[in-house]
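Peer 1: What follows is a single structure, and I will ask about it in a moment.
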Amino acid sequence: MSHAPSDDVAASAIRKVAIRLVPFVALMFFINYLDRTAISFAAPNGMNSDLALSAAQFGFASGIFFLGYILLEVPSNMALHRFGARKWLARIMVSWGVVALLFTWVDSAVELYALRFALGVAEAGFFPGAILFLSLWVPARYRSRILALFYLAQPLTTVLGAPLAASLIQHDGMFFGLAGWRFMFFGVAIPAIVMGIVAWFYLVDRPADAKWLTEAEKRWLTDELERESREKSGNDHGRHGLKVAFTNGRVWTLALIYFGFIYGLYALAFFLPSIIGGFEAQFGTHFDLMQKGLITAIPYLPAAIVLYFWSRDATRRGVRTWHVALPAFTGAVSVPLALYMNSPAATVAVITITACSIFAALPNFWTLPTRFLDGAAAAAGVALINTIGNMAGFSSSYVTGALHDLTGSYTVPMFVVGGLMLMSGVFMVAISRAPRPGGGTHLSHAGAHAH
């Protein structure tokens, strides 16, 4: 089968972006997510006992991160839009690396709260900034493939991060007399500072400035992205405006869909190590520190595989309603079901289904906002959706811990998770059936197939 020259140029350009930018930005995301969730590994391995934290206090410390994050999320993404992704993402990484380093010497619950809040402030804008950055490089029909490759970093953070954290924690008292959990914080903070400095020199803001693209590839990418931008602004006057992000009903519906997924994601991320720690009392089993780290990682490897193949299907067909709704409904059932299993293996197996559901949906979800928003509205819209989602990060951490303290088990909190994932599925079906303003295709069916 022969291809037109433009097809060869397109394939070559997308391949170069996938090779040169996606792994680097994904590595930044890997370090970002590891620093954010390191507290979950520290909690059952000395931090909670050393700082005398209850489950609710740990949940509050985990969640207050998101309050700082939320406050500066939209302003940070607007700054990225103004100053360029290269400078802004590099600045964010160095800032959060410095704050993450300070966790090494935290001495009380109040200090932990203050540092978690400061970490959120420092990190604000990274994730939506990375999504926006990649969206500015890749035409819409290739976006689910590129975002899936980027999103692989999140489940792989736990696959690789849980054993890494466990190995750092095992170095108890070996470095400057630091407790193992303190040394773990030290060990995961340094890479953020290093990567931030490297990002300043490595990243490029737009295709026209990339020395590693040929002139034909630069021209094709620039023309495609400009054509899409014109189409968006032509379909609805004012989509470039900041106001539209805050007044568009679809943006708020997408934000609620994202809220349900992120509530489930962080309930798992922050409390799975503690749930696994509870297997001893529940089932009479005993696991050492490294075994617990490896068990924590188990659900996320299948999740990474499912994410990849589910997103490949979405790229081939175009993102459909069921690419987001079906995982939501599956997660809604599997979350509470895990509580009724009669062995550690069965519990982890059902939790694995939940993790697969959440990660299958997320990269496909993120192709939706930039289908109808552009320019400043895209920067604000993506940040707003992520802000609402991260309110779920705060509430899931605090509510899960508080309900556990209140009821003595994870049953009620996990039913809450299931209910919110059910909400995400219902809203996804609803938004796909709602007519678009001015007519046209449904939101979830937009985008040509990429080959």
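Simple scheme: letters A, B, ... for chains in structure tokens order, numbers from 1 for residues in each chain, numbers from 1 for ligands in the order shown.
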For A:Ala355, please output as a list of chain:residue names all residues within 7 Å (counting only C-alpha atoms; exclusion window: fewer than 3 positions along the same chain).
Peer 2: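 In the requested format, the answer is A:Pro299, A:Tyr300, A:Ala303, A:Ile351, A:Thr352, A:Ile358, A:Phe359.
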Peer 1: Those residues you just picked out, can you put them in a file as a compact mmCIF listing (two decimals), in the first residue's frame with N, CA and C atoms?
Peer 2:
# COMPACT_ATOMS: atom_id res chain seq x y z
N PRO A 299 -1.29 -4.44 41.35
CA PRO A 299 -2.42 -3.98 40.52
C PRO A 299 -2.02 -3.06 39.37
N TYR A 300 -0.86 -2.42 39.48
CA TYR A 300 -0.54 -1.35 38.54
C TYR A 300 0.15 -1.83 37.26
N ALA A 303 -2.61 -2.73 35.02
CA ALA A 303 -3.25 -1.45 34.70
C ALA A 303 -2.51 -0.74 33.57
N ILE A 351 -8.84 -5.58 43.35
CA ILE A 351 -8.27 -4.23 43.34
C ILE A 351 -7.57 -3.96 42.00
N THR A 352 -6.97 -5.01 41.44
CA THR A 352 -6.32 -4.89 40.13
C THR A 352 -7.32 -4.50 39.05
N ILE A 358 -9.62 2.45 36.15
CA ILE A 358 -9.28 3.87 36.28
C ILE A 358 -8.28 4.29 35.21
N PHE A 359 -7.22 3.50 35.06
CA PHE A 359 -6.15 3.90 34.13
C PHE A 359 -6.54 3.73 32.67
Peer 1: Can you build me a table of stretch 243-293 of chain A residues sitting at most 10 Å from stretch 381-392 of chain A, with the closest atom pair per residue and its distance in Å to one decimal, using only C-alpha atoms, sorted by chain and residue number, as CSV?
Peer 2:
residue,atom,partner,partner_atom,distance
A:Lys243,CA,A:Gly381,CA,9.5
A:Val244,CA,A:Gly381,CA,8.1
A:Ala245,CA,A:Gly381,CA,4.6
A:Phe246,CA,A:Gly381,CA,7.3
A:Thr247,CA,A:Gly381,CA,9.9
A:Asn248,CA,A:Gly381,CA,9.0
A:Val251,CA,A:Gly381,CA,6.6
A:Trp252,CA,A:Ile385,CA,7.1
A:Thr253,CA,A:Ile385,CA,9.0
A:Leu254,CA,A:Ile385,CA,6.7
A:Ala255,CA,A:Ile385,CA,4.3
A:Leu256,CA,A:Ile388,CA,7.2
A:Ile257,CA,A:Gly389,CA,8.4
A:Tyr258,CA,A:Gly389,CA,5.3
A:Phe259,CA,A:Gly389,CA,4.1
A:Gly260,CA,A:Ala392,CA,7.3
A:Phe261,CA,A:Gly389,CA,7.9
A:Ile262,CA,A:Gly389,CA,5.8
A:Tyr263,CA,A:Ala392,CA,4.7
A:Gly264,CA,A:Ala392,CA,8.5
A:Leu265,CA,A:Ala392,CA,9.2
A:Tyr266,CA,A:Ala392,CA,8.0
A:Ala267,CA,A:Ala392,CA,9.3
Peer 1: Restricting it to N, CA, C and O atoms, dump the selection as a PDB file, in the first residue's frame.
Peer 2:
ATOM      1  N   LYS A 243     -13.102  33.264  29.632  1.00  0.00           N
ATOM      2  CA  LYS A 243     -14.426  33.161  30.236  1.00  0.00           C
ATOM      3  C   LYS A 243     -15.116  31.844  29.904  1.00  0.00           C
ATOM      4  O   LYS A 243     -15.830  31.267  30.737  1.00  0.00           O
ATOM      5  N   VAL A 244     -14.913  31.348  28.674  1.00  0.00           N
ATOM      6  CA  VAL A 244     -15.648  30.158  28.228  1.00  0.00           C
ATOM      7  C   VAL A 244     -15.336  28.934  29.079  1.00  0.00           C
ATOM      8  O   VAL A 244     -16.196  28.097  29.314  1.00  0.00           O
ATOM      9  N   ALA A 245     -14.113  28.848  29.565  1.00  0.00           N
ATOM     10  CA  ALA A 245     -13.734  27.683  30.374  1.00  0.00           C
ATOM     11  C   ALA A 245     -14.574  27.597  31.645  1.00  0.00           C
ATOM     12  O   ALA A 245     -14.882  26.508  32.123  1.00  0.00           O
ATOM     13  N   PHE A 246     -14.967  28.745  32.174  1.00  0.00           N
ATOM     14  CA  PHE A 246     -15.702  28.770  33.432  1.00  0.00           C
ATOM     15  C   PHE A 246     -17.222  28.798  33.234  1.00  0.00           C
ATOM     16  O   PHE A 246     -17.974  28.594  34.174  1.00  0.00           O
ATOM     17  N   THR A 247     -17.670  29.031  32.009  1.00  0.00           N
ATOM     18  CA  THR A 247     -19.114  29.129  31.764  1.00  0.00           C
ATOM     19  C   THR A 247     -19.633  28.002  30.879  1.00  0.00           C
ATOM     20  O   THR A 247     -20.833  27.906  30.659  1.00  0.00           O
ATOM     21  N   ASN A 248     -18.737  27.152  30.380  1.00  0.00           N
ATOM     22  CA  ASN A 248     -19.133  26.073  29.480  1.00  0.00           C
ATOM     23  C   ASN A 248     -19.611  24.867  30.285  1.00  0.00           C
ATOM     24  O   ASN A 248     -18.864  24.317  31.106  1.00  0.00           O
ATOM     25  N   VAL A 251     -17.461  21.699  30.123  1.00  0.00           N
ATOM     26  CA  VAL A 251     -16.249  21.730  30.958  1.00  0.00           C
ATOM     27  C   VAL A 251     -16.577  21.257  32.375  1.00  0.00           C
ATOM     28  O   VAL A 251     -15.865  20.431  32.958  1.00  0.00           O
ATOM     29  N   TRP A 252     -17.688  21.758  32.936  1.00  0.00           N
ATOM     30  CA  TRP A 252     -18.052  21.381  34.306  1.00  0.00           C
ATOM     31  C   TRP A 252     -18.491  19.915  34.392  1.00  0.00           C
ATOM     32  O   TRP A 252     -18.210  19.238  35.383  1.00  0.00           O
ATOM     33  N   THR A 253     -19.176  19.422  33.352  1.00  0.00           N
ATOM     34  CA  THR A 253     -19.564  18.001  33.345  1.00  0.00           C
ATOM     35  C   THR A 253     -18.321  17.118  33.278  1.00  0.00           C
ATOM     36  O   THR A 253     -18.199  16.121  34.003  1.00  0.00           O
ATOM     37  N   LEU A 254     -17.367  17.491  32.419  1.00  0.00           N
ATOM     38  CA  LEU A 254     -16.101  16.748  32.345  1.00  0.00           C
ATOM     39  C   LEU A 254     -15.376  16.795  33.692  1.00  0.00           C
ATOM     40  O   LEU A 254     -14.756  15.812  34.110  1.00  0.00           O
ATOM     41  N   ALA A 255     -15.461  17.937  34.362  1.00  0.00           N
ATOM     42  CA  ALA A 255     -14.808  18.067  35.673  1.00  0.00           C
ATOM     43  C   ALA A 255     -15.409  17.083  36.680  1.00  0.00           C
ATOM     44  O   ALA A 255     -14.682  16.470  37.472  1.00  0.00           O
ATOM     45  N   LEU A 256     -16.739  16.901  36.648  1.00  0.00           N
ATOM     46  CA  LEU A 256     -17.384  15.957  37.568  1.00  0.00           C
ATOM     47  C   LEU A 256     -17.038  14.506  37.220  1.00  0.00           C
ATOM     48  O   LEU A 256     -16.852  13.674  38.112  1.00  0.00           O
ATOM     49  N   ILE A 257     -16.950  14.208  35.921  1.00  0.00           N
ATOM     50  CA  ILE A 257     -16.531  12.866  35.494  1.00  0.00           C
ATOM     51  C   ILE A 257     -15.128  12.588  36.040  1.00  0.00           C
ATOM     52  O   ILE A 257     -14.848  11.519  36.598  1.00  0.00           O
ATOM     53  N   TYR A 258     -14.245  13.567  35.881  1.00  0.00           N
ATOM     54  CA  TYR A 258     -12.863  13.421  36.343  1.00  0.00           C
ATOM     55  C   TYR A 258     -12.799  13.291  37.862  1.00  0.00           C
ATOM     56  O   TYR A 258     -11.998  12.519  38.400  1.00  0.00           O
ATOM     57  N   PHE A 259     -13.673  14.018  38.558  1.00  0.00           N
ATOM     58  CA  PHE A 259     -13.733  13.945  40.022  1.00  0.00           C
ATOM     59  C   PHE A 259     -13.912  12.496  40.484  1.00  0.00           C
ATOM     60  O   PHE A 259     -13.214  12.031  41.393  1.00  0.00           O
ATOM     61  N   GLY A 260     -14.853  11.779  39.875  1.00  0.00           N
ATOM     62  CA  GLY A 260     -15.119  10.389  40.272  1.00  0.00           C
ATOM     63  C   GLY A 260     -13.916   9.484  40.080  1.00  0.00           C
ATOM     64  O   GLY A 260     -13.578   8.665  40.949  1.00  0.00           O
ATOM     65  N   PHE A 261     -13.242   9.642  38.935  1.00  0.00           N
ATOM     66  CA  PHE A 261     -12.057   8.811  38.670  1.00  0.00           C
ATOM     67  C   PHE A 261     -10.920   9.121  39.644  1.00  0.00           C
ATOM     68  O   PHE A 261     -10.255   8.220  40.156  1.00  0.00           O
ATOM     69  N   ILE A 262     -10.695  10.410  39.886  1.00  0.00           N
ATOM     70  CA  ILE A 262      -9.574  10.797  40.739  1.00  0.00           C
ATOM     71  C   ILE A 262      -9.843  10.443  42.201  1.00  0.00           C
ATOM     72  O   ILE A 262      -8.919  10.075  42.943  1.00  0.00           O
ATOM     73  N   TYR A 263     -11.095  10.490  42.610  1.00  0.00           N
ATOM     74  CA  TYR A 263     -11.448  10.043  43.964  1.00  0.00           C
ATOM     75  C   TYR A 263     -11.020   8.586  44.144  1.00  0.00           C
ATOM     76  O   TYR A 263     -10.390   8.219  45.147  1.00  0.00           O
ATOM     77  N   GLY A 264     -11.337   7.758  43.161  1.00  0.00           N
ATOM     78  CA  GLY A 264     -10.945   6.341  43.217  1.00  0.00           C
ATOM     79  C   GLY A 264      -9.439   6.161  43.152  1.00  0.00           C
ATOM     80  O   GLY A 264      -8.863   5.354  43.892  1.00  0.00           O
ATOM     81  N   LEU A 265      -8.795   6.924  42.265  1.00  0.00           N
ATOM     82  CA  LEU A 265      -7.344   6.801  42.078  1.00  0.00           C
ATOM     83  C   LEU A 265      -6.585   7.056  43.371  1.00  0.00           C
ATOM     84  O   LEU A 265      -5.703   6.286  43.760  1.00  0.00           O
ATOM     85  N   TYR A 266      -6.943   8.152  44.073  1.00  0.00           N
ATOM     86  CA  TYR A 266      -6.181   8.509  45.266  1.00  0.00           C
ATOM     87  C   TYR A 266      -6.603   7.742  46.508  1.00  0.00           C
ATOM     88  O   TYR A 266      -5.792   7.541  47.419  1.00  0.00           O
ATOM     89  N   ALA A 267      -7.851   7.273  46.545  1.00  0.00           N
ATOM     90  CA  ALA A 267      -8.236   6.361  47.636  1.00  0.00           C
ATOM     91  C   ALA A 267      -7.355   5.114  47.568  1.00  0.00           C
ATOM     92  O   ALA A 267      -6.860   4.623  48.593  1.00  0.00           O
TER      93      ALA A 267
END
Peer 1: Taking 2 positions as the minimum chain separation for residues in the same chain, which residues sit within 12 Å of A:Val426 when counting only C-alpha atoms? Answer as a ChimeraX atom specification.
Peer 2: /A:253-254,256-257,260,321-322,324-329,332,419-424,428-433
Peer 1: Taking C-alpha atoms for each residue, export the selection above as a PDB file, in the first residue's frame.
Peer 2:
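Below is the file that was written, part-v5.pdb:
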ATOM      1  CA  THR A 253     -19.564  18.001  33.345  1.00  0.00           C
ATOM      2  CA  LEU A 254     -16.101  16.748  32.345  1.00  0.00           C
ATOM      3  CA  LEU A 256     -17.384  15.957  37.568  1.00  0.00           C
ATOM      4  CA  ILE A 257     -16.531  12.866  35.494  1.00  0.00           C
ATOM      5  CA  GLY A 260     -15.119  10.389  40.272  1.00  0.00           C
ATOM      6  CA  THR A 321     -18.387   7.081  24.969  1.00  0.00           C
ATOM      7  CA  TRP A 322     -17.699   3.543  26.166  1.00  0.00           C
ATOM      8  CA  VAL A 324     -14.543   6.210  29.325  1.00  0.00           C
ATOM      9  CA  ALA A 325     -17.958   5.015  30.608  1.00  0.00           C
ATOM     10  CA  LEU A 326     -17.325   1.240  30.602  1.00  0.00           C
ATOM     11  CA  PRO A 327     -14.207   1.484  32.825  1.00  0.00           C
ATOM     12  CA  ALA A 328     -16.170   3.770  35.187  1.00  0.00           C
ATOM     13  CA  PHE A 329     -18.974   1.215  35.592  1.00  0.00           C
ATOM     14  CA  ALA A 332     -17.857   1.150  40.478  1.00  0.00           C
ATOM     15  CA  GLY A 419     -20.676   5.410  44.069  1.00  0.00           C
ATOM     16  CA  LEU A 420     -18.556   8.250  42.686  1.00  0.00           C
ATOM     17  CA  MET A 421     -17.152   6.093  39.885  1.00  0.00           C
ATOM     18  CA  LEU A 422     -20.747   5.158  39.013  1.00  0.00           C
ATOM     19  CA  MET A 423     -21.461   8.911  38.813  1.00  0.00           C
ATOM     20  CA  SER A 424     -18.574   9.320  36.334  1.00  0.00           C
ATOM     21  CA  MET A 428     -20.087  10.342  30.507  1.00  0.00           C
ATOM     22  CA  VAL A 429     -23.124   8.714  28.909  1.00  0.00           C
ATOM     23  CA  ALA A 430     -25.161  11.898  29.505  1.00  0.00           C
ATOM     24  CA  ILE A 431     -22.581  14.271  27.968  1.00  0.00           C
ATOM     25  CA  SER A 432     -22.221  12.085  24.868  1.00  0.00           C
ATOM     26  CA  ARG A 433     -25.994  12.208  24.296  1.00  0.00           C
TER      27      ARG A 433
END
Peer 1: Excluding A:Phe126 and residues on its chain fewer than 5 positions from it, collect all residues at most 12 Å away from it, counting only C-alpha atoms, and give them as a PyMOL selection string.
Peer 2: chain A and resi 25-26+28-33+36+69-70+72-80+85-96+119-121+131-133+196+379+382-383+386-387
Peer 1: Store the residues picked out above in a file with N, CA and C atoms, as a compact mmCIF listing (two decimals), in the first residue's frame.
Peer 2:
# COMPACT_ATOMS: atom_id res chain seq x y z
N VAL A 25 8.81 13.78 29.18
CA VAL A 25 7.72 14.35 29.97
C VAL A 25 7.11 13.28 30.88
N ALA A 26 7.05 12.04 30.37
CA ALA A 26 6.55 10.92 31.19
C ALA A 26 7.45 10.67 32.40
N MET A 28 9.25 12.97 33.89
CA MET A 28 8.92 14.07 34.80
C MET A 28 7.66 13.72 35.61
N PHE A 29 6.65 13.17 34.93
CA PHE A 29 5.39 12.78 35.57
C PHE A 29 5.62 11.65 36.57
N PHE A 30 6.49 10.70 36.22
CA PHE A 30 6.85 9.59 37.10
C PHE A 30 7.39 10.13 38.43
N ILE A 31 8.35 11.06 38.33
CA ILE A 31 8.97 11.64 39.54
C ILE A 31 7.93 12.46 40.31
N ASN A 32 7.10 13.20 39.56
CA ASN A 32 6.04 14.01 40.15
C ASN A 32 5.09 13.15 40.99
N TYR A 33 4.62 12.06 40.41
CA TYR A 33 3.64 11.21 41.09
C TYR A 33 4.28 10.46 42.26
N ARG A 36 4.56 12.84 45.12
CA ARG A 36 3.23 13.12 45.65
C ARG A 36 2.72 11.98 46.53
N TYR A 69 -2.48 22.84 45.81
CA TYR A 69 -2.47 22.59 44.37
C TYR A 69 -3.63 23.32 43.69
N ILE A 70 -4.83 23.20 44.31
CA ILE A 70 -6.04 23.78 43.74
C ILE A 70 -5.95 25.31 43.66
N LEU A 72 -3.54 27.31 43.16
CA LEU A 72 -2.68 27.90 42.12
C LEU A 72 -2.76 27.17 40.78
N GLU A 73 -3.67 26.20 40.66
CA GLU A 73 -3.74 25.40 39.44
C GLU A 73 -4.02 26.23 38.19
N VAL A 74 -5.12 26.98 38.19
CA VAL A 74 -5.49 27.76 37.00
C VAL A 74 -4.48 28.88 36.76
N PRO A 75 -4.09 29.69 37.79
CA PRO A 75 -3.06 30.71 37.54
C PRO A 75 -1.76 30.13 36.99
N SER A 76 -1.37 28.95 37.48
CA SER A 76 -0.13 28.34 37.01
C SER A 76 -0.23 27.97 35.54
N ASN A 77 -1.38 27.42 35.13
CA ASN A 77 -1.51 27.04 33.72
C ASN A 77 -1.61 28.26 32.81
N MET A 78 -2.18 29.34 33.32
CA MET A 78 -2.20 30.56 32.53
C MET A 78 -0.78 31.13 32.38
N ALA A 79 0.03 30.99 33.43
CA ALA A 79 1.43 31.43 33.35
C ALA A 79 2.19 30.59 32.34
N LEU A 80 1.91 29.28 32.33
CA LEU A 80 2.55 28.40 31.35
C LEU A 80 2.19 28.85 29.94
N ALA A 85 5.96 26.47 28.00
CA ALA A 85 5.99 25.25 28.82
C ALA A 85 7.39 24.91 29.32
N ARG A 86 8.40 25.12 28.48
CA ARG A 86 9.76 24.74 28.86
C ARG A 86 10.18 25.41 30.16
N LYS A 87 10.06 26.72 30.23
CA LYS A 87 10.49 27.46 31.43
C LYS A 87 9.59 27.11 32.62
N TRP A 88 8.30 27.03 32.37
CA TRP A 88 7.37 26.89 33.49
C TRP A 88 7.42 25.48 34.10
N LEU A 89 7.48 24.45 33.25
CA LEU A 89 7.57 23.07 33.77
C LEU A 89 8.90 22.86 34.51
N ALA A 90 9.97 23.45 33.99
CA ALA A 90 11.27 23.34 34.67
C ALA A 90 11.22 24.03 36.03
N ARG A 91 10.59 25.20 36.09
CA ARG A 91 10.46 25.95 37.35
C ARG A 91 9.66 25.16 38.38
N ILE A 92 8.56 24.55 37.91
CA ILE A 92 7.72 23.76 38.81
C ILE A 92 8.52 22.60 39.41
N MET A 93 9.27 21.88 38.57
CA MET A 93 9.99 20.70 39.06
C MET A 93 11.03 21.05 40.12
N VAL A 94 11.81 22.09 39.87
CA VAL A 94 12.83 22.48 40.85
C VAL A 94 12.17 22.91 42.16
N SER A 95 11.07 23.68 42.06
CA SER A 95 10.36 24.14 43.27
C SER A 95 9.87 22.98 44.10
N TRP A 96 9.18 22.01 43.44
CA TRP A 96 8.62 20.93 44.23
C TRP A 96 9.73 19.99 44.74
N LEU A 119 3.95 21.61 49.16
CA LEU A 119 4.25 20.75 48.00
C LEU A 119 3.18 20.94 46.93
N GLY A 120 1.92 21.05 47.36
CA GLY A 120 0.84 21.29 46.41
C GLY A 120 0.99 22.62 45.69
N VAL A 121 1.36 23.66 46.46
CA VAL A 121 1.59 25.00 45.87
C VAL A 121 2.71 24.93 44.85
N ILE A 131 -0.12 18.00 29.99
CA ILE A 131 -1.17 17.61 29.04
C ILE A 131 -1.30 18.67 27.94
N LEU A 132 -1.31 19.94 28.35
CA LEU A 132 -1.43 21.04 27.39
C LEU A 132 -0.20 21.09 26.48
N PHE A 133 0.98 20.92 27.05
CA PHE A 133 2.22 20.94 26.28
C PHE A 133 2.18 19.89 25.17
N GLY A 196 14.34 19.00 36.69
CA GLY A 196 13.91 20.37 36.42
C GLY A 196 14.98 21.17 35.70
N ALA A 379 -6.09 26.27 28.07
CA ALA A 379 -5.22 26.29 29.26
C ALA A 379 -6.07 26.37 30.53
N VAL A 382 -8.52 22.98 30.85
CA VAL A 382 -7.79 21.80 31.31
C VAL A 382 -7.42 21.97 32.79
N ALA A 383 -6.98 23.17 33.16
CA ALA A 383 -6.61 23.43 34.56
C ALA A 383 -7.83 23.35 35.48
N ASN A 386 -8.84 19.73 35.96
CA ASN A 386 -7.86 19.08 36.84
C ASN A 386 -8.00 19.58 38.28
N THR A 387 -8.37 20.86 38.44
CA THR A 387 -8.59 21.43 39.78
C THR A 387 -9.74 20.73 40.48
Peer 1: Using only C-alpha atoms, which protein or nucleic acid residues come within 8 Å of stretch 38-50 of chain A? Drop anything in the same chain fewer than 6 positions from it, and give the result as a CSV table (one decimal) with all heavy atoms, in the first residue's frame.
Peer 2:
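out-v4.csv, written as the output of this step:
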chain,number,residue,atom,x,y,z
A,58,PHE,N,-3.5,11.2,59.0
A,58,PHE,CA,-2.7,10.8,57.8
A,58,PHE,C,-3.5,11.2,56.5
A,58,PHE,O,-2.9,11.7,55.6
A,58,PHE,CB,-2.4,9.3,57.8
A,58,PHE,CG,-1.9,8.8,56.5
A,58,PHE,CD1,-0.7,9.2,56.0
A,58,PHE,CD2,-2.7,8.0,55.7
A,58,PHE,CE1,-0.3,8.8,54.7
A,58,PHE,CE2,-2.3,7.6,54.4
A,58,PHE,CZ,-1.1,7.9,53.9
A,62,SER,N,-2.3,13.7,53.7
A,62,SER,CA,-2.3,13.3,52.3
A,62,SER,C,-3.1,14.3,51.4
A,62,SER,O,-2.7,14.7,50.3
A,62,SER,CB,-2.9,11.9,52.1
A,62,SER,OG,-2.2,11.0,52.9
A,162,ALA,N,7.0,1.5,44.3
A,162,ALA,CA,6.7,0.8,45.6
A,162,ALA,C,7.9,0.0,46.0
A,162,ALA,O,8.4,0.2,47.1
A,162,ALA,CB,5.5,0.0,45.5
A,165,ALA,N,10.7,2.6,46.9
A,165,ALA,CA,10.5,3.2,48.2
A,165,ALA,C,10.8,2.2,49.3
A,165,ALA,O,11.5,2.6,50.3
A,165,ALA,CB,9.0,3.6,48.3
A,166,ALA,N,10.4,0.9,49.1
A,166,ALA,CA,10.7,-0.1,50.1
A,166,ALA,C,12.2,-0.3,50.3
A,166,ALA,O,12.7,-0.4,51.4
A,166,ALA,CB,10.0,-1.4,49.7
A,169,ILE,N,13.6,2.7,52.2
A,169,ILE,CA,13.1,2.6,53.6
A,169,ILE,C,14.0,1.6,54.4
A,169,ILE,O,14.2,1.7,55.6
A,169,ILE,CB,11.6,2.2,53.7
A,169,ILE,CG1,10.8,3.5,53.2
A,169,ILE,CG2,11.2,1.9,55.1
A,169,ILE,CD1,9.3,3.1,53.0
A,180,GLY,N,14.5,5.1,58.1
A,180,GLY,CA,14.3,4.6,56.7
A,180,GLY,C,13.3,5.5,55.9
A,180,GLY,O,13.5,5.8,54.8
A,181,TRP,N,12.1,5.8,56.6
A,181,TRP,CA,11.1,6.6,55.8
A,181,TRP,C,11.6,8.0,55.5
A,181,TRP,O,11.3,8.6,54.5
A,181,TRP,CB,9.8,6.6,56.6
A,181,TRP,CG,9.8,7.3,58.0
A,181,TRP,CD1,10.1,6.7,59.2
A,181,TRP,CD2,9.6,8.7,58.2
A,181,TRP,NE1,10.0,7.6,60.2
A,181,TRP,CE2,9.7,8.9,59.6
A,181,TRP,CE3,9.2,9.8,57.4
A,181,TRP,CZ2,9.5,10.1,60.2
A,181,TRP,CZ3,9.0,11.0,58.0
A,181,TRP,CH2,9.2,11.2,59.4
A,182,ARG,N,12.5,8.6,56.4
A,182,ARG,CA,13.0,9.9,56.1
A,182,ARG,C,14.0,9.8,54.9
A,182,ARG,O,14.1,10.7,54.1
A,182,ARG,CB,13.8,10.4,57.3
A,182,ARG,CG,12.8,10.7,58.5
A,182,ARG,CD,13.6,11.3,59.7
A,182,ARG,NE,12.7,11.5,60.9
A,182,ARG,CZ,11.9,12.6,61.1
A,182,ARG,NH1,11.9,13.5,60.1
A,182,ARG,NH2,11.2,12.7,62.1
A,184,MET,N,13.9,7.7,52.6
A,184,MET,CA,13.1,7.5,51.3
A,184,MET,C,12.7,8.9,50.8
A,184,MET,O,12.8,9.1,49.6
A,184,MET,CB,11.9,6.6,51.7
A,184,MET,CG,11.0,6.3,50.5
A,184,MET,SD,9.7,7.4,50.2
A,184,MET,CE,8.7,7.3,51.7
A,185,PHE,N,12.2,9.8,51.6
A,185,PHE,CA,11.8,11.1,51.2
A,185,PHE,C,13.0,11.8,50.5
A,185,PHE,O,12.9,12.5,49.5
A,185,PHE,CB,11.3,12.0,52.3
A,185,PHE,CG,9.8,11.7,52.7
A,185,PHE,CD1,9.5,11.4,54.0
A,185,PHE,CD2,8.9,11.9,51.7
A,185,PHE,CE1,8.1,11.2,54.3
A,185,PHE,CE2,7.5,11.7,52.0
A,185,PHE,CZ,7.1,11.4,53.3
A,188,VAL,N,13.7,10.3,46.9
A,188,VAL,CA,12.8,10.6,45.8
A,188,VAL,C,12.8,12.1,45.5
A,188,VAL,O,12.2,12.4,44.4
A,188,VAL,CB,11.4,10.0,46.1
A,188,VAL,CG1,11.5,8.5,46.2
A,188,VAL,CG2,10.7,10.7,47.3
A,269,ALA,N,-4.3,5.0,45.9
A,269,ALA,CA,-2.9,5.3,46.0
A,269,ALA,C,-2.4,5.5,47.4
A,269,ALA,O,-1.4,5.1,47.8
A,269,ALA,CB,-2.6,6.6,45.1
A,270,PHE,N,-3.3,6.3,48.2
A,270,PHE,CA,-2.8,6.6,49.6
A,270,PHE,C,-3.1,5.5,50.6
A,270,PHE,O,-2.4,5.4,51.6
A,270,PHE,CB,-3.5,7.9,50.0
A,270,PHE,CG,-2.9,9.1,49.3
A,270,PHE,CD1,-3.7,10.0,48.7
A,270,PHE,CD2,-1.6,9.4,49.4
A,270,PHE,CE1,-3.2,11.1,48.0
A,270,PHE,CE2,-1.0,10.5,48.7
A,270,PHE,CZ,-1.8,11.4,48.1
A,271,PHE,N,-4.2,4.7,50.3
A,271,PHE,CA,-4.5,3.7,51.4
A,271,PHE,C,-4.2,2.3,51.0
A,271,PHE,O,-4.3,1.4,51.9
A,271,PHE,CB,-6.0,3.9,51.7
A,271,PHE,CG,-6.3,5.1,52.6
A,271,PHE,CD1,-6.6,6.3,51.9
A,271,PHE,CD2,-6.1,5.1,53.9
A,271,PHE,CE1,-6.8,7.5,52.7
A,271,PHE,CE2,-6.3,6.3,54.7
A,271,PHE,CZ,-6.6,7.4,54.1
A,273,PRO,N,-1.3,0.7,50.5
A,273,PRO,CA,-0.3,0.2,51.4
A,273,PRO,C,-0.8,-0.1,52.8
A,273,PRO,O,-0.4,-1.1,53.4
A,273,PRO,CB,0.8,1.3,51.4
A,273,PRO,CG,0.6,2.0,50.1
A,273,PRO,CD,-0.9,2.0,49.9
A,274,SER,N,-1.7,0.7,53.3
A,274,SER,CA,-2.3,0.5,54.6
A,274,SER,C,-3.2,-0.7,54.6
A,274,SER,O,-3.3,-1.5,55.6
A,274,SER,CB,-3.0,1.8,55.1
A,274,SER,OG,-2.1,2.8,55.3
A,277,GLY,N,-1.1,-3.6,54.6
A,277,GLY,CA,-0.6,-3.8,56.0
A,277,GLY,C,-1.6,-4.4,56.9
A,277,GLY,O,-1.2,-5.1,57.9
Peer 1: Just list as a PyMOL selection string whatever in stretch 203-431 of chain A DSSP marks as helix (DSSP H, G or I).
Peer 2: chain A and resi 207-209+215-235+242-247+249-277+279-283+289-297+300-317+321-340+344-365+369-371+375-407+411-431
Peer 1: Considering only C-alpha atoms, return as a ChimeraX atom specification whatever protein or nucleic-acid residues lie within 12 Å of A:Tyr410, sequence-local ones (same chain, fewer than 3 positions apart) excluded.
Peer 2: /A:55,267-268,271-272,274-276,278,282,335-340,399-407,413-417
